[in-house]
Amino acid sequence: MADASTPLLTTADGRPLKAALATAQKRAKRRAFLLVVPLLIFVLLSFLIPIGYMLKRSFEHDGFAASAPALVAWFDANPGFDPANPPEDAFAALVSDLALMQTSRTTGLAGTRVNYVAPGSISLFKAGARVAKDLTPPYREALLALDADWGKPQVWRAMQSASNIYTPEFYLVAADRRLTDDGWARGNDNERIYLYLFGKTFVVSAIITVICLLLAFPVAHLLAVLPMPKSSLLMILVLLPFWTSLLVRTTSWIALLQEQGIVNDLLVGLGVLDDQNRLAAMYNMTGTIIAMTHVLLPFMVLPLYSVMRVIPPSYARAARSLGATSWTTFRRVYLPQTLPGIAAGSLLVFILAVGYYITPALVGGADGILISNLISFNMNKSNWSLAAALAAMLLVAILVLYWLYDRLIGIDRLKFG
Amino acid sequence: MKKLLVLSTALTAVAYAAQADVTVMSWGGAYGEAQTEAHVKPWMAATGTNTIMVDSDNPAPAIKAMVEAGNVTVDVASVEYADAVRLCDEGVLEPIDAASLPAGTDGTAAADDFLAGAVTECGVSTDIWSNIYAYDTTKLSGDAAPKTAADFFDLAKFPGKRGMRKGAKAVLEFALLGDGVPAAEVYAVLNTPEGVDRAFAKLDTIKSEVIWWEAGAQAPQLLADGEVVMTTAYNGRIFAAAINENKPFQIVWDGQIYENEMYVVPKGAPNKDAALEFIKYATSTEGLRAQAQHISYGPARKSAMLEELIFKDGKTVMAPHLPTAPENLTNALETSSAFWVDHDAELNERFQAWLAQ
Amino acid sequence: MALPTYASPLERIWYYTYLVICTVVFIFLIAPILIVIPLSFNAEPYFTFTEKMLTLDPEGYSLRWYDTLLTLGHPAPDGPRDSVWWSLAWEKATWIKAARNSLWVGFWATILATTLGTIAALGLSRSEMPYKRLIMALLISPMIVPIIIVAVGMSFFYAKACVSPDSAVGMVAGAFLSAKGCLANSHLGVIVAHAVLGIPFVIITVTATLTGFDQSLIRAAHSLGANPRTTFFKVVMPLILPGVISGALFAFVTSFDEVVAVLFIAGPEQQTIPRQMFNGIREAISPAILAVATLLVIISVALLATVELLRRRSDRLRGVTGT
């Protein structure tokens, strides 16, 4: 509350100082912000909008809605029909749409959309569309005679929901749900893959994080306690991988680890291994883990090092002089002080590992692939909405971890070298 | 600042605007090379059209993705027969007027000259190729060598890693052939859910030992590196490695699965007219013969077989190396495009899920 | 670190174990990078050491794989190496074309990321900056968000991001866009994608240089009559330059090593070195890949050395001791 009795401080030109300061402050704020504006616009256009576009695609698919006008109209007029027993006019609409799909060559698009939620539908559509123009009423009997599957409630439910352009169904599919005769349910064992791979991706990333931590800890410690010139020299050994092309490193791991590779040759040459029992460390999960550990290790060493470097050695010495064993000193005095570095490095490595694509694609073989590879697989197969839904799920997971990182460590503390 | 300008102008000179007139997408490796030598180079020399070849593991899904994204960069693609039919059905390809194809060198009209089925609504056959399996004769020979499709799945008799193509097509059929299903019944069996389960069950028996390849060039490479003891492959790749690089590879023709390979034009191709001209040129009698002189895939025109085909080395007679040689056809299966047109999507999905489990 | 004199035998053993562990980790880090160098001189088409190589027989070594880098895709690889041959190699050879694309894209992506990033970092390091944390989080996110997600989004968006070649924008930007005037399959599309990926590195390195920056220097320059322009170029720039260059090098390396975005958004005319390597690794690793790898290792060593020198110089200038 302004006190009327105190004289108001003013600037030379008579404005109240408080107001003048606020204006200056505002101007400074605006100026600082203006410097960031060009980059923000650039990032908005080339990064945020594409991601937004992808999110839109994950809810959108007009493959069926655009190629089956009669059925779309019929579903609109009869939203409460019984999918177990659709009337003749529904079948008539279906037959006219199938004939239309055949001439406009959209069977594939429409069938793909329905096939997402009700596997097996695409072959039904293709077989139906081929003969649709020759079918005669009653259409119900004609179609059922062609394939009894046309009478399945699953198919009719799937077509009804596919007649909407916007749908959350791709997320259900990405969560391994499928439409059955009785509504949404878990898919068959041989179709469940996405949640399993999400789980696998997180487990593998955790394993890689732990291995990185175990390998990085002693090295970071050594770098932190060595005198400067020596530590700088060794630091180069950590930074060089960081600067070397990922593809170069992946190539060398293949050369090193494949069955006829250098490591196996060496082990066989030394008589450690029998020629028949060479290690299978490439084109499988082992290969993925080894190569990814190598790629991500510097991201663990650097944050650990920057924390360890500023831990005063006097604390450990004090603990020793007070009678603590070296193990106790490490566990009770040193380790707790490195926790911020452990948290920073582990989170960063984990975040980067979860989204990894290149290394598993090249050295993972069949069982060493992660969720990113499945996103790419669906992109290549033109299953765009599903790829987008999977990518969106991965994005949410990453953003949660990123938020956690910012909370715990602060993004502004991210540094390289 | 001035230095920056100089540098940037220098770099502008580095970037070039030599846009290709025709882009052909094929399978890379020995096959891509054969098509480059037999089709692309002579076509460029004859017409002056700048033509480039780009590689893909499998051009069919790649062009489908391009067309559906409205972002087509390819003018001509080389795809499997079933894919040519399927993609045509799905509106991904431009129709090709069969009447516009050139007559054979002997004057036979194209319609009579091409083998039955070799010209479809959207595609023209470049060759007949086959999925076979092969092994290294320095490792397996004589009685210890595999001879039948069943041997490929016999881990007890032939221990060691197997290479297989990563995809449902030809792999499921091969599994059934290996399980003793006669070639004539394979598609009838595969058309039932039990048949599909049976094929996957057969694959399960060797799953732990399989290294999956995607690009055709990987198969001979896996064999040459000793990473696998036997691998499925495109027969021309094994032939090329054996002849060009003297690799001790032997093809097992039992259980081969053969089909036509087709040139197609994706819908919305940037240079559609030039693409059609290219296809007419490449699938002429000379074009097909030229390709067959570079790789062991049989030409699909009768007029191309009138004279004996000799490999580019000038001595190897091609006939016994072709999938269509009578002695290679004793237990062979022709891919059913009708089956794969309908089932490609769902079987590949199931295959992918099976693979990741 | 030396062992204290009072160390027990157990501690001694542990200490040496610790040194061994560290050595093993260093070997793990560096061996895969160094191993490609000798392998690239293999005379045989294998990527393991042959017996001749191990016995140091000169016949076991050759430069043939380096030669392949010039001849692959060359229309007349065996011809005499005159000026025509070399100019054909420059125009047509697969790896040379890839290198030119990589440099071209990398150069512009670096310029874009460094300019925008440095200006933004100047704003971000001001204490008055509003929503600093949020904006920082946003600008760093291209490094955190998996590249596959970015690539998927871009491949959807770029195919729709088109201008008509006849429009005003099309006239100006047309040369950088695809034949249809789209960002997809265009050099500009790849440049923009790579610039976004490089931005976090520029922001991080430049703000790091600016944390030690004494803002009173700017006020001193102003009070001595320098205008903002002079102040920036004569006072601020020299001090943050090492950070800017490091950031630029990071951005360049990011672009130079990037393959996923290229796989999803680039066309046949935008083949880069990593893209070519990716294909090569998947199909058949011929030692030609190892030759490229060796060249890339040399480049990365040079870049790393530059950054290290710059960092030391920057620390010295700002009066920060130690590293």
# chains A, B, ... in the order shown; residues from 1 in each chain; ligands from 1
>>> closest_atom_pairs(of="chain A", to="chain C", cutoff="6 Å", atoms="only C-alpha atoms", output="Markdown table")
| residue | atom | partner | partner_atom | distance |
| --- | --- | --- | --- | --- |
| A:Lys29 | CA | C:Glu128 | CA | 5.1 |
| A:Ala32 | CA | C:Gly123 | CA | 4.4 |
| A:Leu35 | CA | C:Gly123 | CA | 5.1 |
| A:Val36 | CA | C:Ala120 | CA | 4.1 |
| A:Leu39 | CA | C:Leu116 | CA | 5.3 |
| A:Pro50 | CA | C:Gly153 | CA | 4.5 |
| A:Ile51 | CA | C:Gly153 | CA | 4.7 |
| A:Met54 | CA | C:Gly153 | CA | 4.7 |
| A:Val219 | CA | C:Cys22 | CA | 5.3 |
| A:Val225 | CA | C:Met1 | CA | 6.0 |
| A:Leu226 | CA | C:Met1 | CA | 5.5 |
| A:Trp243 | CA | C:Ser300 | CA | 5.6 |
| A:Thr244 | CA | C:Ser300 | CA | 5.5 |
| A:Ser245 | CA | C:Asp257 | CA | 5.5 |
| A:Val248 | CA | C:Ala293 | CA | 5.1 |
| A:Ser252 | CA | C:Pro32 | CA | 5.4 |
| A:Ala255 | CA | C:Phe47 | CA | 5.8 |
| A:Gly261 | CA | C:Thr48 | CA | 5.8 |
| A:Ile262 | CA | C:Thr48 | CA | 5.6 |
| A:Gly355 | CA | C:Pro146 | CA | 4.6 |
| A:Ala391 | CA | C:Ile149 | CA | 5.7 |
>>> write_last_selection(atoms="C-alpha atoms", output="compact mmCIF listing (two decimals), in the first residue's frame")
# COMPACT_ATOMS: atom_id res chain seq x y z
CA LYS A 29 12.04 -7.98 -21.32
CA ALA A 32 15.37 -10.01 -24.74
CA LEU A 35 16.09 -11.80 -29.83
CA VAL A 36 14.57 -15.23 -29.37
CA LEU A 39 14.43 -18.88 -33.65
CA PRO A 50 5.42 -31.23 -38.29
CA ILE A 51 4.99 -32.94 -34.94
CA MET A 54 1.86 -36.14 -37.07
CA VAL A 219 36.35 -43.59 -15.64
CA VAL A 225 41.02 -36.93 -9.65
CA LEU A 226 43.88 -36.95 -12.16
CA TRP A 243 32.48 -36.69 -32.34
CA THR A 244 32.77 -39.74 -34.52
CA SER A 245 29.99 -40.63 -36.89
CA VAL A 248 31.37 -45.36 -38.43
CA SER A 252 33.27 -51.12 -36.63
CA ALA A 255 33.48 -55.79 -38.14
CA GLY A 261 34.68 -60.89 -37.16
CA ILE A 262 37.82 -59.80 -35.38
CA GLY A 355 14.17 -43.38 -28.99
CA ALA A 391 5.20 -42.19 -32.40
>>> residues_around(residues="Val114 (chain A)", least_positions_apart="4", cutoff="8 Å", atoms="only C-alpha atoms", output="PyMOL selection string")
chain A and resi 64+110+118-119+121-122+155+158-159+162
>>> write_last_selection(atoms="C-alpha atoms", output="compact mmCIF listing (two decimals), in the first residue's frame")
# COMPACT_ATOMS: atom_id res chain seq x y z
CA PHE A 64 -12.84 -45.83 -45.93
CA ALA A 110 -10.64 -48.73 -47.69
CA ALA A 118 -10.47 -56.08 -37.75
CA PRO A 119 -7.55 -58.13 -39.13
CA SER A 121 -10.85 -57.59 -43.61
CA ILE A 122 -8.61 -56.48 -46.43
CA VAL A 155 -16.78 -56.45 -39.82
CA ALA A 158 -15.36 -51.94 -37.99
CA MET A 159 -16.95 -50.43 -41.11
CA ALA A 162 -14.23 -46.49 -40.16
>>> select_by_dssp(residues="region 64-311 of chain A", states="strand (DSSP E)", output="list in words")
Arg177, Arg178, Leu179, Thr180, Gly183, Trp184, Ala185 and Arg186 of chain A
>>> write_last_selection(atoms="C-alpha atoms", output="CSV table (one decimal), in the first residue's frame")
chain,number,residue,atom,x,y,z
A,177,ARG,CA,-6.5,-54.1,-29.0
A,178,ARG,CA,-8.6,-55.4,-31.9
A,179,LEU,CA,-12.3,-55.2,-32.7
A,180,THR,CA,-14.0,-58.6,-32.3
A,183,GLY,CA,-16.4,-55.2,-29.3
A,184,TRP,CA,-12.8,-54.2,-28.5
A,185,ALA,CA,-10.7,-56.8,-26.9
A,186,ARG,CA,-7.1,-58.0,-26.6
>>> atom_distance(atom1="CA of Met235 (chain A)", atom2="CA of Arg317 (chain A)")
25.7 Å
>>> residues_around(residues="region 162-165 of chain B", least_positions_apart="4", cutoff="7 Å", atoms="only C-alpha atoms", output="CSV table (one decimal) with C-alpha atoms, in the first residue's frame")
chain,number,residue,atom,x,y,z
B,209,GLU,CA,19.1,-70.0,-36.1
B,210,VAL,CA,17.9,-67.6,-38.7
B,211,ILE,CA,19.6,-64.3,-39.7
B,212,TRP,CA,17.1,-62.3,-41.7
B,213,TRP,CA,18.2,-60.3,-44.7
B,214,GLU,CA,16.3,-57.5,-46.4
B,219,ALA,CA,22.2,-63.0,-49.0
B,228,VAL,CA,25.3,-68.6,-42.4
B,229,VAL,CA,25.7,-72.2,-43.8
B,230,MET,CA,22.8,-71.8,-46.2
B,231,THR,CA,20.6,-69.0,-47.2
B,232,THR,CA,17.5,-68.3,-49.3
>>> interface_residues(of="chain B", to="chain C", cutoff="6 Å", atoms="only C-alpha atoms", output="PyMOL selection string")
chain B and resi 71+215+217-218+221
>>> closest_residue(among="C:Leu10, C:Trp85, C:Asp78, C:Ala248", to="Pro200 (chain C)", atoms="only C-alpha atoms")
C:Ala248
>>> residues_around(residues="region 189-204 of chain B", least_positions_apart="3", cutoff="9 Å", atoms="only C-alpha atoms", output="VMD selection string")
chain B and resid 153 171 to 176 178 to 179 181 185 to 186 207 to 208 339 343 347 351 354
>>> write_last_selection(atoms="C-alpha atoms", output="PDB file, in the first residue's frame")
ATOM      1  CA  PHE B 153      14.795 -76.915 -42.129  1.00  0.00           C
ATOM      2  CA  VAL B 171       9.059 -67.583 -46.916  1.00  0.00           C
ATOM      3  CA  LEU B 172       5.687 -69.055 -45.907  1.00  0.00           C
ATOM      4  CA  GLU B 173       5.438 -71.039 -49.124  1.00  0.00           C
ATOM      5  CA  PHE B 174       8.967 -72.313 -48.647  1.00  0.00           C
ATOM      6  CA  ALA B 175       8.155 -73.388 -45.094  1.00  0.00           C
ATOM      7  CA  LEU B 176       5.226 -75.437 -46.369  1.00  0.00           C
ATOM      8  CA  GLY B 178       9.920 -77.783 -46.530  1.00  0.00           C
ATOM      9  CA  ASP B 179       7.174 -79.374 -44.437  1.00  0.00           C
ATOM     10  CA  VAL B 181       3.361 -79.989 -48.823  1.00  0.00           C
ATOM     11  CA  GLU B 185      -1.269 -77.724 -52.876  1.00  0.00           C
ATOM     12  CA  VAL B 186       0.755 -74.975 -51.198  1.00  0.00           C
ATOM     13  CA  LYS B 207      13.741 -69.359 -35.849  1.00  0.00           C
ATOM     14  CA  SER B 208      16.605 -69.239 -33.351  1.00  0.00           C
ATOM     15  CA  PHE B 339      -3.181 -65.139 -53.187  1.00  0.00           C
ATOM     16  CA  HIS B 343      -3.259 -61.582 -48.175  1.00  0.00           C
ATOM     17  CA  LEU B 347       0.387 -62.032 -43.493  1.00  0.00           C
ATOM     18  CA  PHE B 351       5.061 -62.160 -39.844  1.00  0.00           C
ATOM     19  CA  TRP B 354       5.970 -63.309 -35.056  1.00  0.00           C
TER      20      TRP B 354
END
>>> closest_atom_pairs(of="chain A", to="chain B", cutoff="7 Å", atoms="only C-alpha atoms", output="Markdown table")
| residue | atom | partner | partner_atom | distance |
| --- | --- | --- | --- | --- |
| A:Arg105 | CA | B:Gly91 | CA | 4.8 |
| A:Thr106 | CA | B:Glu90 | CA | 5.7 |
| A:Thr107 | CA | B:Glu90 | CA | 6.2 |
| A:Gly108 | CA | B:Glu90 | CA | 4.9 |
| A:Pro119 | CA | B:Glu346 | CA | 6.7 |
| A:Gly120 | CA | B:Glu346 | CA | 6.3 |
| A:Ile122 | CA | B:Asp342 | CA | 6.8 |
| A:Ser123 | CA | B:Asp342 | CA | 4.3 |
| A:Lys126 | CA | B:Asp342 | CA | 6.2 |
| A:Asn190 | CA | B:Trp354 | CA | 6.2 |
| A:Glu191 | CA | B:Ala353 | CA | 5.8 |
| A:Arg192 | CA | B:Ala353 | CA | 6.8 |
| A:Ile193 | CA | B:Ala353 | CA | 5.5 |
| A:Glu259 | CA | B:Glu227 | CA | 5.9 |
| A:Gln260 | CA | B:Asp225 | CA | 6.6 |
| A:Gly365 | CA | B:Trp212 | CA | 6.6 |
| A:Ala366 | CA | B:Leu355 | CA | 6.1 |
| A:Asp367 | CA | B:Ala356 | CA | 5.7 |
| A:Asn380 | CA | B:Pro61 | CA | 6.3 |
| A:Lys381 | CA | B:Pro61 | CA | 5.8 |
| A:Ser382 | CA | B:Ala65 | CA | 5.1 |
